[in-house]
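Beneath this line is the structure, given in structure tokens, with notes to follow.
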Amino acid sequence: MLELLQYGFVMRGLIAGIIIAIIAPFIGIFLVLRRYSLIADTLSHVSFAGIAIGFLLGINPIITAIIASVLSSIAIERLRTSKKVYGESALSLFLSGSLAIAVVLISFYHGFNTNLTNYLFGSIVTVQQSDLTMIAGVSAAVLLLLIGFYKELIYISFDEDAAIVSGIPVRLINIILIILAALVVALSIPIIGILLISALIVIPVLTALQFRKSFQHTLIIAEAVSLLSVITGIIASFYLNLSTGGTIVIITLACFIVAFALNSYRPSSHTDLATP
Amino acid sequence: MHEVNHEENIIECKDICFSYGQTAILHNIDLAVHRGDYLGIVGPNGGGKTTLLKIMLGLLTPQCGSIKLFGKDITEFKDWHKIGYVPQKATSFDTNFPATVFEVVLMGTYGKRGILRQTTAADKDAVTDALKKVEMLGYAKRLIGDLSGGQQQRVFIARALVSNPEVMFLDEPTTGIDESAQKDFYTLLRTLNRTYDVTLVFISHDHTALEREATEIATVHRTLTYKVNTPHA
């Protein structure tokens with residue numbers, strides 16, 4: 001185990017992974033409870049287009065992924081609130097549109113290569129020192145904003161109308177939430193990968209919800225599941241030479257299956273999350 | 001006990017009209033609610049009751065007319081902590097939401113506190129007081145989704161009460177609640193109105209209950225018909 005930590009790239013991957021493991025379920029709990037889970041998937045595909053732009057222009061692809069993801073998140077929210085397009089249709093529009101842009105741009109860039117595959121499925125070797133500095137800095141800002149707006153986000157997630165009546169600036173908070181989601185998605189790509197990031201945002205929260213605890217405890221459980229999955233996933237993927245993102249998500253999924261099974265055997269009055 | 005000015009206009013709607021697309025919902029609505037009133041709003045489904053309530057709360061913007069809350073135009077109104085809102089439970093509440101009764105009532109303090117400010121010990125005391133008022137303190141640690149309909153509605157009242165509102169809006173809060181819980185609920189509202197001087201605006205299908213409880217009754221069916229009522233409860 002200690003031998004593993006002697007490798008600089010493993011340490012960088014592990015530190016970046018732990019940071020992402022903390023912020024992903026924190027934003028995820030609000031996305032899941034507001035039925036926004038799919039936005040993580042959409043923003044990850046938008047980030048893919050951003051990454052392709054980064055490769056094409058020779059810029060750090062995480063920077064271009066952040067820019068593409070944040071701009072699109074604002075556009076999605078505006079489209080959704082305009083009520084001219086259904087919410088989920090706006091997501092579908094951006095998901096397929098950005099994927100098309102990414103694929104066309106990649107064809108300019110000598111097709112797929114190993115680097116791009118790492119961004120698609122995640123790899124600890126992808127994380128450079130400059131990436132780690134950026135991930136730590138931006139994540140600290142995301143975490144501070146989530147803590148700052150924690151109570152408003154809970155209220156809006158529970159009852160948006162009552163939150164408006166109590167004077168909370170709901171439109172502003174919604175924009176902040178979606179921008180933070182865009183940042184978390186873009187930052188998580190080097191470790192988890194474009195195709196799997198939404199799983200780390202959503203599954204730990206779904207796992208925690210099975211325990212039917214208070215909001216605070218649900219968040220703590222989600223954080224624990226996320227940290228456990230990321231740390232064991234990175235270690236296992238290193239020793240077994242597996243895809244980092246895939247291993248992390250499989251462990252998260254296993255946690256969910258265990259929690260779901262335990263919940264199914266527990267007598268409870270409300271366990272059907274499909275019923276709004 | 002402080003002096004209560006029953007002539008003071010808490011809500012003033014003038015010439016309100018509202019339509020969804022081509023469908024006119026409200027037309028020429030004039031309404032004044034005074035401090036200490038218990039206004040019952042009745043009317044058929046689709047008659048515009050909830051739309052009127054949402055306009056009074058600033059959740060919908062009317063195509064014409066003006067609304068004043070506590071003498072201020074609604075667009076300039078900032079004292080939202082003076083207003084409590086108890087929504088129609090069935091449509092606005094996810095019973096699987098992971099929140100305890102205490103956490104739900106605490107939400108009622110968030111608007112008053114302002115953004116970026118954290119919860120204080122005084123807020124927690126206010127939650128305890130509000131739960132005591134609705135006789136739900138013993139349920140503080142229970143999940144909101146695990147309570148009965150009547151208990152949940154008491155919690156929503158506590159959430160509305162926690163910021164010490166001067167007026168409370170209730171949108172069909174008794175829907176889906178059994179008869180005995182409804183009786184307790186009306187007793188609680190009567191106490192809030194008569195003992196604590198909370199002005200009430202109450203939407204209901206239950207005309208008989210409002211005839212028994214309310215001091216004014218407004219019937220909304222595109223236009224508004226208003227009458228002073230003598231409650232006999």
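Please note that chains go A, B, ... in the order of the structure tokens, that every chain numbers its residues from 1, and that ligands are numbered from 1 in the order shown.
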
- Non-local contacts of A:Arg12 (7 Å; only C-alpha atoms; under 3 positions in same chain excluded) as a ChimeraX atom specification: /A:8-9,15-16,127,132

Give me the residues of chain A that have any atom at most 6 Å from an atom of chain B; for each, the nearest atom pair and the distance in Å, rounded to one decimal. Use only C-alpha atoms, sort by chain and number, and format it as CSV.
residue,atom,partner,partner_atom,distance
A:Gly148,CA,B:Leu116,CA,4.8
A:Phe149,CA,B:Leu116,CA,5.8
A:Tyr155,CA,B:Met107,CA,5.8
A:Ser166,CA,B:Gly111,CA,4.8
A:Gly167,CA,B:Gly111,CA,5.3
A:Ile168,CA,B:Gly111,CA,5.5
A:Lys213,CA,B:Pro98,CA,5.9
A:Ser214,CA,B:Ala99,CA,4.7
A:Phe215,CA,B:Ala99,CA,4.9
A:Pro276,CA,B:Asp94,CA,5.6

Name the residues in contact with A:Ser229 at a cut-off of 12 Å, using only C-alpha atoms, excluding same-chain residues fewer than 5 positions from it; report them as a short mmCIF file (atom, residue, chain, number, x, y, z; two decimals) with N, CA and C atoms, in the first residue's frame.
data_model
loop_
_atom_site.label_atom_id
_atom_site.label_comp_id
_atom_site.auth_asym_id
_atom_site.auth_seq_id
_atom_site.Cartn_x
_atom_site.Cartn_y
_atom_site.Cartn_z
N LEU A 14 -4.93 10.32 -6.40
CA LEU A 14 -5.65 10.05 -5.15
C LEU A 14 -6.15 11.35 -4.51
N GLY A 17 -8.90 12.68 -6.59
CA GLY A 17 -10.07 11.81 -6.41
C GLY A 17 -10.80 12.12 -5.10
N ILE A 18 -10.02 12.32 -4.03
CA ILE A 18 -10.65 12.62 -2.73
C ILE A 18 -11.40 13.95 -2.79
N ILE A 20 -12.71 15.36 -5.44
CA ILE A 20 -13.93 15.16 -6.25
C ILE A 20 -14.96 14.36 -5.46
N ALA A 21 -14.48 13.35 -4.71
CA ALA A 21 -15.40 12.51 -3.92
C ALA A 21 -16.16 13.34 -2.89
N ILE A 22 -15.54 14.43 -2.42
CA ILE A 22 -16.23 15.28 -1.43
C ILE A 22 -17.26 16.17 -2.12
N PRO A 25 -21.02 14.35 -4.33
CA PRO A 25 -22.33 14.10 -3.72
C PRO A 25 -22.95 15.34 -3.08
N ILE A 192 -12.73 10.45 -13.19
CA ILE A 192 -13.89 9.55 -13.39
C ILE A 192 -14.19 9.34 -14.87
N ALA A 199 -22.50 9.22 -12.60
CA ALA A 199 -22.70 8.14 -11.62
C ALA A 199 -22.18 8.56 -10.24
N LEU A 200 -21.02 9.22 -10.19
CA LEU A 200 -20.46 9.60 -8.90
C LEU A 200 -21.26 10.75 -8.26
N ILE A 203 -25.19 8.32 -7.75
CA ILE A 203 -25.35 7.04 -7.04
C ILE A 203 -25.07 7.13 -5.52
N PRO A 204 -24.03 7.84 -5.06
CA PRO A 204 -23.85 7.91 -3.60
C PRO A 204 -25.07 8.53 -2.90
N THR A 207 -27.82 5.99 -2.81
CA THR A 207 -27.48 5.01 -1.77
C THR A 207 -27.86 5.56 -0.40
N ALA A 222 -23.82 9.93 2.05
CA ALA A 222 -23.44 10.04 0.63
C ALA A 222 -21.95 10.36 0.49
N GLU A 223 -21.47 11.25 1.37
CA GLU A 223 -20.04 11.60 1.34
C GLU A 223 -19.18 10.36 1.66
N ALA A 224 -19.62 9.60 2.65
CA ALA A 224 -18.86 8.41 3.06
C ALA A 224 -18.81 7.39 1.92
N ILE A 234 -9.57 3.71 -6.79
CA ILE A 234 -8.25 4.11 -7.32
C ILE A 234 -7.21 3.04 -6.98
N ILE A 235 -7.24 2.56 -5.74
CA ILE A 235 -6.25 1.54 -5.33
C ILE A 235 -6.45 0.25 -6.14
N ALA A 236 -7.71 -0.18 -6.24
CA ALA A 236 -7.98 -1.43 -6.98
C ALA A 236 -7.60 -1.29 -8.44
N SER A 237 -7.92 -0.14 -9.03
CA SER A 237 -7.63 0.03 -10.46
C SER A 237 -6.11 0.03 -10.71
N THR A 244 -9.92 3.41 -14.08
CA THR A 244 -10.18 4.02 -12.77
C THR A 244 -11.66 4.39 -12.61
N GLY A 245 -12.19 5.11 -13.60
CA GLY A 245 -13.58 5.56 -13.52
C GLY A 245 -14.54 4.38 -13.39
N GLY A 246 -14.33 3.37 -14.23
CA GLY A 246 -15.21 2.20 -14.22
C GLY A 246 -15.18 1.49 -12.88
N THR A 247 -13.96 1.33 -12.31
CA THR A 247 -13.84 0.63 -11.02
C THR A 247 -14.56 1.41 -9.92
N ILE A 248 -14.35 2.72 -9.92
CA ILE A 248 -15.01 3.56 -8.89
C ILE A 248 -16.53 3.42 -8.98
N VAL A 249 -17.04 3.50 -10.19
CA VAL A 249 -18.50 3.46 -10.36
C VAL A 249 -19.06 2.09 -10.00
N ILE A 250 -18.32 1.01 -10.32
CA ILE A 250 -18.80 -0.33 -9.96
C ILE A 250 -18.89 -0.46 -8.43
N ILE A 251 -17.88 0.08 -7.72
CA ILE A 251 -17.91 0.02 -6.24
C ILE A 251 -19.10 0.83 -5.70
N THR A 252 -19.33 2.02 -6.29
CA THR A 252 -20.47 2.86 -5.86
C THR A 252 -21.78 2.10 -6.08
N LEU A 253 -21.85 1.47 -7.25
CA LEU A 253 -23.06 0.71 -7.59
C LEU A 253 -23.28 -0.45 -6.61
N ALA A 254 -22.18 -1.11 -6.23
CA ALA A 254 -22.28 -2.21 -5.26
C ALA A 254 -22.83 -1.68 -3.93
N CYS A 255 -22.34 -0.51 -3.52
CA CYS A 255 -22.85 0.11 -2.27
C CYS A 255 -24.35 0.35 -2.38
N PHE A 256 -24.79 0.85 -3.56
CA PHE A 256 -26.21 1.12 -3.74
C PHE A 256 -27.02 -0.16 -3.65
#

- Task: Select from stretch 47-88 of chain B everything DSSP, run on the backbone, classes as alpha helix (DSSP H), then give the selection as a list in words.
- Result: Lys49, Thr50, Thr51, Leu52, Leu53, Lys54, Ile55 and Met56 of chain B

Output N, CA and C atoms for every residue in the selection just made, as a short mmCIF file (atom, residue, chain, number, x, y, z; two decimals), in the first residue's frame.
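Okay, out-v1.cif is ready:
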data_model
loop_
_atom_site.label_atom_id
_atom_site.label_comp_id
_atom_site.auth_asym_id
_atom_site.auth_seq_id
_atom_site.Cartn_x
_atom_site.Cartn_y
_atom_site.Cartn_z
N LYS B 49 -59.16 30.44 -7.69
CA LYS B 49 -58.81 30.65 -6.27
C LYS B 49 -57.30 30.62 -6.07
N THR B 50 -56.68 29.51 -6.51
CA THR B 50 -55.24 29.36 -6.30
C THR B 50 -54.47 30.40 -7.11
N THR B 51 -54.97 30.74 -8.30
CA THR B 51 -54.30 31.77 -9.11
C THR B 51 -54.30 33.09 -8.33
N LEU B 52 -55.44 33.44 -7.74
CA LEU B 52 -55.52 34.69 -6.96
C LEU B 52 -54.54 34.66 -5.79
N LEU B 53 -54.48 33.52 -5.11
CA LEU B 53 -53.57 33.39 -3.97
C LEU B 53 -52.11 33.56 -4.44
N LYS B 54 -51.78 32.93 -5.56
CA LYS B 54 -50.40 33.02 -6.07
C LYS B 54 -50.07 34.44 -6.51
N ILE B 55 -51.07 35.16 -7.01
CA ILE B 55 -50.84 36.57 -7.37
C ILE B 55 -50.58 37.39 -6.11
N MET B 56 -51.35 37.12 -5.06
CA MET B 56 -51.17 37.87 -3.80
C MET B 56 -49.81 37.59 -3.18
#

- Item | Option closest in space to A:Ile51, from A:Ile135, A:Ala181, A:Ile194, A:Leu144 [counting only C-alpha atoms] | A:Ile194

- Long-range neighbours of B:Gly46 as number ranges by chain, 8 Å cut-off, only C-alpha atoms, 2 positions minimum in chain: B: 25, 44, 48-49, 221

Store the residues picked out above, limited to N, CA and C atoms, as a short mmCIF file (atom, residue, chain, number, x, y, z; two decimals), in the first residue's frame.
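Result file follows (out-v7.cif):
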data_model
loop_
_atom_site.label_atom_id
_atom_site.label_comp_id
_atom_site.auth_asym_id
_atom_site.auth_seq_id
_atom_site.Cartn_x
_atom_site.Cartn_y
_atom_site.Cartn_z
N ILE B 25 -58.78 33.90 -16.57
CA ILE B 25 -59.00 33.23 -15.29
C ILE B 25 -59.60 34.19 -14.27
N PRO B 44 -65.55 27.29 -7.47
CA PRO B 44 -65.44 25.99 -8.16
C PRO B 44 -64.00 25.71 -8.61
N GLY B 48 -60.22 30.04 -10.23
CA GLY B 48 -59.16 31.05 -10.08
C GLY B 48 -58.73 31.31 -8.64
N LYS B 49 -59.16 30.44 -7.69
CA LYS B 49 -58.81 30.65 -6.27
C LYS B 49 -57.30 30.62 -6.07
N HIS B 221 -64.96 33.14 -8.98
CA HIS B 221 -65.30 32.39 -10.19
C HIS B 221 -65.15 33.38 -11.34
#

- Query: When distances are computed from only C-alpha atoms, which of A:Thr42, A:Ser72, A:Ser243, A:Ser107 shows the smallest separation from A:Val125?
  - Reply: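 The shortest atom-to-atom distance to A:Val125 comes from A:Ser243.
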
- Task: Would you please work out which residue, of B:Thr187, B:Gln153, B:Asn28, B:Thr128, is nearest to B:Ser66 when using only C-alpha atoms?
- Result: B:Asn28

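Proximity ranking of A:Val170, A:Ser69, A:Arg212, A:Asp161 relative to B:Asp171 places A:Asp161 first, based on only C-alpha atoms.
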
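From atom CA of A:Leu195 back to atom CA of A:Ile53, the distance works out to 17.5 Å.
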
- Message: Calculated over only C-alpha atoms, which of the candidates A:Leu56, A:Ile154, A:Ile62, A:Leu93 has the smallest distance to A:Ile106?
- Response: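 For A:Ile106, the nearest of the given residues is A:Leu56.
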
- Task: Just the residues within 10 Å of A:Thr126, please, counting only C-alpha atoms, with nothing from its chain fewer than 5 positions along; format it as a list in words.
- Result: Phe9, Arg12, Gly13, Asn115, Leu116, Asn118, Tyr119, Asp131, Ile189, Pro190, Ile191 and Gly193 of chain A

Using DSSP assignments from the backbone, pull out every residue in stretch 18-129 of chain B that falls under strand (DSSP E or B) and give it to me as a CSV table (one decimal) with C-alpha atoms, in the first residue's frame.
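See selection_10.csv below for the written result:
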chain,number,residue,atom,x,y,z
B,18,PHE,CA,-55.1,37.2,-15.2
B,19,SER,CA,-55.2,34.8,-18.1
B,20,TYR,CA,-53.3,31.7,-19.1
B,23,THR,CA,-58.1,31.7,-21.3
B,24,ALA,CA,-59.2,34.4,-18.9
B,25,ILE,CA,-59.0,33.2,-15.3
B,26,LEU,CA,-59.6,36.4,-13.3
B,27,HIS,CA,-61.3,39.6,-14.2
B,28,ASN,CA,-61.6,42.9,-12.4
B,29,ILE,CA,-60.7,41.6,-8.9
B,30,ASP,CA,-60.8,44.1,-6.1
B,31,LEU,CA,-60.1,42.8,-2.6
B,32,ALA,CA,-58.9,44.2,0.7
B,33,VAL,CA,-57.8,42.1,3.7
B,34,HIS,CA,-57.5,43.9,7.0
B,38,TYR,CA,-60.0,35.5,8.7
B,39,LEU,CA,-60.8,35.5,5.0
B,40,GLY,CA,-62.1,32.3,3.4
B,41,ILE,CA,-61.8,32.0,-0.4
B,42,VAL,CA,-64.2,29.5,-2.0
B,64,CYS,CA,-53.3,44.2,-15.1
B,65,GLY,CA,-54.0,45.7,-11.7
B,66,SER,CA,-51.9,46.2,-8.7
B,67,ILE,CA,-51.2,44.4,-5.4
B,68,LYS,CA,-50.1,46.1,-2.1
B,69,LEU,CA,-48.8,44.1,0.9
B,72,LYS,CA,-46.3,48.6,-0.3
B,73,ASP,CA,-46.5,47.7,-3.9
B,83,ILE,CA,-45.9,36.4,5.4
B,84,GLY,CA,-46.5,32.7,6.1
B,85,TYR,CA,-47.5,30.2,3.4
B,86,VAL,CA,-49.0,26.8,3.8
B,100,THR,CA,-36.9,15.7,9.8

- Query: For A:Asp41, which of A:Ser92, A:Ser123, A:Gln128, A:Asn241 is the closest residue, counting only C-alpha atoms?
  - Reply: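 Smallest separation from A:Asp41 among the options: A:Ser92.
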
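Atom CA of A:Ile66 lies 23.6 Å from atom CA of A:Val10.
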
- Task: Please measure the separation of atom CA of B:Val105 and atom CA of B:Arg154, giving the value in Å to one decimal.
- Result: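 Rounded to one decimal, the two atoms are 10.2 Å apart.
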